[in-house]
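Here is the structure we will look at, set down as structure tokens.
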Amino acid sequence: MSTNGLEVFDKTLHTTNTWLKEIMEILGPDRHVAWHVLGAVLRAVRDRIPLELSAHLSAELPLLVRGLFYDQWHPATAPERYRSLDEFLQHVDTNLRSTRPVDPEDAVRAVFTVLTRHLPDGQLEKVRHALPEDVRAIWPERSSLGDRTRVELEIDENRLAREA
């Protein structure tokens with residue numbers, strides 16, 4: 001039996017909440033921030049990759065997240081040509097200004113980690129390949145470290161080093 005009247009709504013709410021929870025496990029327990037981080041990073045990816053690839057990527061996203069992905073989209077200007085990680089992070093940072101301060105690189109790593117966990121490898125490889133090399137370098141690959149990816153471990157190590 002459906003909680004919200006349609007099974008598709010229940011599924012997208014459940015999956016979206018799972019993704020937000022995973023982002024919060026990395027960045028801290030603020031669902032509002034996790035939602036903004038997810039949108040900012042997805043839109044930065046969307047704006048950098050070719051239109052056709054954007055459409056294929058969006059088809060893999062939960063319905064609710066797909067709406068976030070297409071929010072503020074101007075397909076006539078796509079794709080933009082960020083050529084470096086710094087330009088990519090600046091785009092993300094600009095989209096995070098309406099929320100509490102979040103390190104844009106940590107935000108990108110958190111969302112890339114969630115995408116790596118939940119999207120098909122073939123689709124992820126196409127998206128990675130469309131991004132600049134230094135952006136690809138911070139995108140984690142599935143690892144044999146259990147549920148934690150290499151990026152999550154690096155973020156934890158960086159956080160511990162800053163606190164020391």
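Note on naming: chains are A, B, ... as they come in the structure tokens, residues start from 1 per chain, ligands start from 1 in the order shown.
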
Shell around Leu57 of chain A at 10 Å using only C-alpha atoms, local window under 6 positions removed, as a PyMOL selection string: chain A and resi 42+45-46+49+51+66+69+119-120+123-124+126-127

Keeping N, CA, C and O atoms for every residue in the selection just given, could you write it to a file as a PDB file, in the first residue's frame?
```
ATOM      1  N   LEU A  42      24.826  18.896  -8.920  1.00  0.00           N
ATOM      2  CA  LEU A  42      24.179  18.331 -10.110  1.00  0.00           C
ATOM      3  C   LEU A  42      24.065  19.377 -11.219  1.00  0.00           C
ATOM      4  O   LEU A  42      24.286  19.071 -12.392  1.00  0.00           O
ATOM      5  N   VAL A  45      27.434  19.927 -12.896  1.00  0.00           N
ATOM      6  CA  VAL A  45      27.706  18.826 -13.830  1.00  0.00           C
ATOM      7  C   VAL A  45      26.855  18.998 -15.078  1.00  0.00           C
ATOM      8  O   VAL A  45      27.357  18.936 -16.210  1.00  0.00           O
ATOM      9  N   ARG A  46      25.563  19.211 -14.892  1.00  0.00           N
ATOM     10  CA  ARG A  46      24.630  19.369 -16.010  1.00  0.00           C
ATOM     11  C   ARG A  46      25.073  20.466 -16.962  1.00  0.00           C
ATOM     12  O   ARG A  46      25.027  20.306 -18.177  1.00  0.00           O
ATOM     13  N   ILE A  49      28.334  19.221 -19.127  1.00  0.00           N
ATOM     14  CA  ILE A  49      28.326  18.077 -20.048  1.00  0.00           C
ATOM     15  C   ILE A  49      27.392  18.349 -21.229  1.00  0.00           C
ATOM     16  O   ILE A  49      26.522  19.206 -21.155  1.00  0.00           O
ATOM     17  N   LEU A  51      24.340  18.222 -23.931  1.00  0.00           N
ATOM     18  CA  LEU A  51      22.892  18.124 -23.692  1.00  0.00           C
ATOM     19  C   LEU A  51      22.389  16.686 -23.692  1.00  0.00           C
ATOM     20  O   LEU A  51      21.612  16.297 -22.818  1.00  0.00           O
ATOM     21  N   ARG A  66      15.509  14.621 -10.150  1.00  0.00           N
ATOM     22  CA  ARG A  66      15.492  15.046 -11.557  1.00  0.00           C
ATOM     23  C   ARG A  66      14.942  16.462 -11.687  1.00  0.00           C
ATOM     24  O   ARG A  66      15.436  17.271 -12.468  1.00  0.00           O
ATOM     25  N   PHE A  69      17.669  18.706 -10.695  1.00  0.00           N
ATOM     26  CA  PHE A  69      18.662  18.713 -11.768  1.00  0.00           C
ATOM     27  C   PHE A  69      18.292  19.724 -12.861  1.00  0.00           C
ATOM     28  O   PHE A  69      19.136  20.466 -13.350  1.00  0.00           O
ATOM     29  N   LEU A 119      24.269   5.125  -9.096  1.00  0.00           N
ATOM     30  CA  LEU A 119      24.028   5.155 -10.539  1.00  0.00           C
ATOM     31  C   LEU A 119      24.868   4.091 -11.242  1.00  0.00           C
ATOM     32  O   LEU A 119      25.915   3.695 -10.744  1.00  0.00           O
ATOM     33  N   PRO A 120      24.424   3.651 -12.414  1.00  0.00           N
ATOM     34  CA  PRO A 120      25.157   2.606 -13.147  1.00  0.00           C
ATOM     35  C   PRO A 120      26.555   3.072 -13.568  1.00  0.00           C
ATOM     36  O   PRO A 120      26.752   4.229 -13.964  1.00  0.00           O
ATOM     37  N   GLN A 123      26.960   4.778 -17.105  1.00  0.00           N
ATOM     38  CA  GLN A 123      26.498   6.170 -17.172  1.00  0.00           C
ATOM     39  C   GLN A 123      27.485   7.095 -16.473  1.00  0.00           C
ATOM     40  O   GLN A 123      27.807   8.167 -16.971  1.00  0.00           O
ATOM     41  N   LEU A 124      27.982   6.662 -15.327  1.00  0.00           N
ATOM     42  CA  LEU A 124      28.948   7.481 -14.592  1.00  0.00           C
ATOM     43  C   LEU A 124      30.225   7.679 -15.393  1.00  0.00           C
ATOM     44  O   LEU A 124      30.798   8.771 -15.397  1.00  0.00           O
ATOM     45  N   LYS A 126      30.586   7.798 -18.627  1.00  0.00           N
ATOM     46  CA  LYS A 126      30.329   8.779 -19.693  1.00  0.00           C
ATOM     47  C   LYS A 126      30.342  10.205 -19.141  1.00  0.00           C
ATOM     48  O   LYS A 126      30.896  11.115 -19.750  1.00  0.00           O
ATOM     49  N   VAL A 127      29.723  10.389 -17.987  1.00  0.00           N
ATOM     50  CA  VAL A 127      29.692  11.720 -17.366  1.00  0.00           C
ATOM     51  C   VAL A 127      31.092  12.125 -16.946  1.00  0.00           C
ATOM     52  O   VAL A 127      31.529  13.249 -17.232  1.00  0.00           O
TER      53      VAL A 127
END
```

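Excluding Arg97 of chain A and any residue on its chain fewer than 6 positions from it, the residues at most 12 Å away by only C-alpha atoms are Val33, His36, Val37, Ala40, Gln90, His91, Asp103 and Pro104 of chain A.
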
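The two atoms in question, atom CA of Thr113 of chain A and atom CA of Trp139 of chain A, are spaced 7.2 Å apart.
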
Please give the complete set of residues from segment 70-133 of chain A that DSSP, run on the backbone, assigns to alpha helix (DSSP H), formatted as a short mmCIF file (atom, residue, chain, number, x, y, z; two decimals) with N, CA, C and O atoms, in the first residue's frame.
```
data_model
loop_
_atom_site.label_atom_id
_atom_site.label_comp_id
_atom_site.auth_asym_id
_atom_site.auth_seq_id
_atom_site.Cartn_x
_atom_site.Cartn_y
_atom_site.Cartn_z
N TYR A 70 17.03 19.77 -13.23
CA TYR A 70 16.59 20.67 -14.32
C TYR A 70 16.24 22.08 -13.85
O TYR A 70 16.04 22.97 -14.67
N LEU A 85 39.27 22.39 -12.27
CA LEU A 85 38.56 22.10 -11.03
C LEU A 85 38.18 23.40 -10.34
O LEU A 85 37.07 23.53 -9.82
N ASP A 86 39.07 24.38 -10.34
CA ASP A 86 38.77 25.66 -9.69
C ASP A 86 37.53 26.33 -10.28
O ASP A 86 36.69 26.84 -9.54
N GLU A 87 37.39 26.32 -11.60
CA GLU A 87 36.21 26.91 -12.24
C GLU A 87 34.95 26.13 -11.88
O GLU A 87 33.90 26.72 -11.62
N PHE A 88 35.07 24.81 -11.86
CA PHE A 88 33.94 23.96 -11.49
C PHE A 88 33.51 24.24 -10.05
O PHE A 88 32.33 24.43 -9.76
N LEU A 89 34.50 24.31 -9.14
CA LEU A 89 34.19 24.57 -7.73
C LEU A 89 33.60 25.96 -7.54
O LEU A 89 32.71 26.16 -6.70
N GLN A 90 34.05 26.92 -8.32
CA GLN A 90 33.49 28.28 -8.24
C GLN A 90 32.02 28.27 -8.64
O GLN A 90 31.19 28.94 -8.01
N HIS A 91 31.69 27.50 -9.68
CA HIS A 91 30.29 27.39 -10.11
C HIS A 91 29.44 26.78 -8.98
O HIS A 91 28.35 27.27 -8.69
N VAL A 92 29.95 25.74 -8.34
CA VAL A 92 29.24 25.11 -7.23
C VAL A 92 29.10 26.10 -6.08
O VAL A 92 28.01 26.27 -5.52
N ASP A 93 30.19 26.77 -5.74
CA ASP A 93 30.18 27.72 -4.63
C ASP A 93 29.16 28.83 -4.85
O ASP A 93 28.43 29.22 -3.93
N THR A 94 29.08 29.33 -6.07
CA THR A 94 28.10 30.38 -6.40
C THR A 94 26.68 29.89 -6.13
O THR A 94 25.85 30.64 -5.62
N ASN A 95 26.42 28.63 -6.43
CA ASN A 95 25.08 28.07 -6.22
C ASN A 95 24.81 27.68 -4.77
O ASN A 95 23.68 27.33 -4.43
N PRO A 104 33.15 23.96 -1.06
CA PRO A 104 32.62 23.44 -2.32
C PRO A 104 33.26 22.12 -2.75
O PRO A 104 32.58 21.27 -3.33
N GLU A 105 34.53 21.93 -2.43
CA GLU A 105 35.16 20.66 -2.81
C GLU A 105 34.57 19.51 -1.99
O GLU A 105 34.32 18.43 -2.52
N ASP A 106 34.33 19.72 -0.69
CA ASP A 106 33.68 18.68 0.11
C ASP A 106 32.28 18.40 -0.42
O ASP A 106 31.84 17.25 -0.46
N ALA A 107 31.57 19.46 -0.84
CA ALA A 107 30.23 19.29 -1.40
C ALA A 107 30.28 18.43 -2.66
O ALA A 107 29.49 17.49 -2.82
N VAL A 108 31.21 18.75 -3.55
CA VAL A 108 31.35 17.99 -4.80
C VAL A 108 31.69 16.54 -4.49
O VAL A 108 31.09 15.61 -5.05
N ARG A 109 32.64 16.33 -3.60
CA ARG A 109 33.05 14.96 -3.27
C ARG A 109 31.87 14.17 -2.66
O ARG A 109 31.69 12.99 -2.96
N ALA A 110 31.08 14.82 -1.84
CA ALA A 110 29.93 14.13 -1.21
C ALA A 110 28.92 13.70 -2.27
O ALA A 110 28.45 12.55 -2.26
N VAL A 111 28.57 14.61 -3.17
CA VAL A 111 27.58 14.27 -4.20
C VAL A 111 28.15 13.24 -5.17
O VAL A 111 27.46 12.28 -5.55
N PHE A 112 29.40 13.39 -5.56
CA PHE A 112 30.01 12.39 -6.45
C PHE A 112 30.01 11.01 -5.79
O PHE A 112 29.80 10.00 -6.45
N THR A 113 30.22 10.97 -4.48
CA THR A 113 30.19 9.71 -3.75
C THR A 113 28.80 9.08 -3.82
O THR A 113 28.65 7.88 -4.08
N VAL A 114 27.77 9.88 -3.61
CA VAL A 114 26.39 9.37 -3.67
C VAL A 114 26.06 8.88 -5.08
O VAL A 114 25.49 7.80 -5.25
N LEU A 115 26.44 9.65 -6.09
CA LEU A 115 26.19 9.22 -7.46
C LEU A 115 26.91 7.92 -7.77
O LEU A 115 26.36 7.03 -8.42
N THR A 116 28.14 7.79 -7.28
CA THR A 116 28.92 6.57 -7.52
C THR A 116 28.23 5.36 -6.90
O THR A 116 28.20 4.29 -7.47
N ARG A 117 27.65 5.55 -5.71
CA ARG A 117 26.96 4.45 -5.04
C ARG A 117 25.68 4.01 -5.76
O ARG A 117 25.32 2.84 -5.70
N HIS A 118 24.98 4.97 -6.37
CA HIS A 118 23.61 4.67 -6.79
C HIS A 118 23.36 4.63 -8.29
O HIS A 118 22.29 4.17 -8.70
N ASP A 121 27.51 2.15 -13.50
CA ASP A 121 28.89 2.46 -13.84
C ASP A 121 29.03 3.04 -15.25
O ASP A 121 29.79 3.98 -15.46
N GLY A 122 28.33 2.48 -16.21
CA GLY A 122 28.45 2.94 -17.60
C GLY A 122 28.04 4.40 -17.75
O GLY A 122 28.72 5.17 -18.44
N GLN A 123 26.96 4.78 -17.11
CA GLN A 123 26.50 6.17 -17.17
C GLN A 123 27.48 7.10 -16.47
O GLN A 123 27.81 8.17 -16.97
N LEU A 124 27.98 6.66 -15.33
CA LEU A 124 28.95 7.48 -14.59
C LEU A 124 30.22 7.68 -15.39
O LEU A 124 30.80 8.77 -15.40
N GLU A 125 30.67 6.64 -16.07
CA GLU A 125 31.90 6.75 -16.86
C GLU A 125 31.73 7.78 -17.99
O GLU A 125 32.64 8.56 -18.26
N LYS A 126 30.59 7.80 -18.63
CA LYS A 126 30.33 8.78 -19.69
C LYS A 126 30.34 10.20 -19.14
O LYS A 126 30.90 11.12 -19.75
N VAL A 127 29.72 10.39 -17.99
CA VAL A 127 29.69 11.72 -17.37
C VAL A 127 31.09 12.13 -16.95
O VAL A 127 31.53 13.25 -17.23
N ARG A 128 31.80 11.23 -16.29
CA ARG A 128 33.18 11.54 -15.87
C ARG A 128 34.03 11.96 -17.06
O ARG A 128 34.80 12.92 -16.97
N HIS A 129 33.90 11.21 -18.14
CA HIS A 129 34.72 11.47 -19.33
C HIS A 129 34.44 12.85 -19.93
O HIS A 129 35.32 13.45 -20.55
N ALA A 130 33.24 13.38 -19.72
CA ALA A 130 32.87 14.68 -20.27
C ALA A 130 33.36 15.85 -19.41
O ALA A 130 33.24 17.01 -19.81
N GLU A 133 39.79 16.84 -16.62
CA GLU A 133 40.56 15.80 -15.95
C GLU A 133 40.69 16.01 -14.45
O GLU A 133 40.56 15.07 -13.66
#
```

Expressed in Å to a single decimal, how great is the separation between atom CA of Arg136 of chain A and atom CA of Leu38 of chain A? 17.5 Å

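If you measure from each of A:Arg83, A:His14, A:Pro50, A:Val65 to Asp134 of chain A using only C-alpha atoms, the closest one turns out to be A:Arg83.
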
Counting only C-alpha atoms, figure out which residue out of A:Leu131, A:Pro101, A:Trp35, A:Glu141 gets nearest to Leu64 of chain A. A:Trp35

For a quick check of understanding, using only C-alpha atoms, which of A:Leu96, A:Glu25, A:Ser58, A:Asp47 has the smallest distance to Gln72 of chain A? A:Asp47

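Taking atom CA of Phe9 of chain A and atom CA of Leu63 of chain A as the two end points, the separation is 8.2 Å.
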
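Among the candidates A:Glu22, A:Thr12, A:Asn17, A:Glu52, the one nearest to Gly67 of chain A when counting only C-alpha atoms is A:Thr12.
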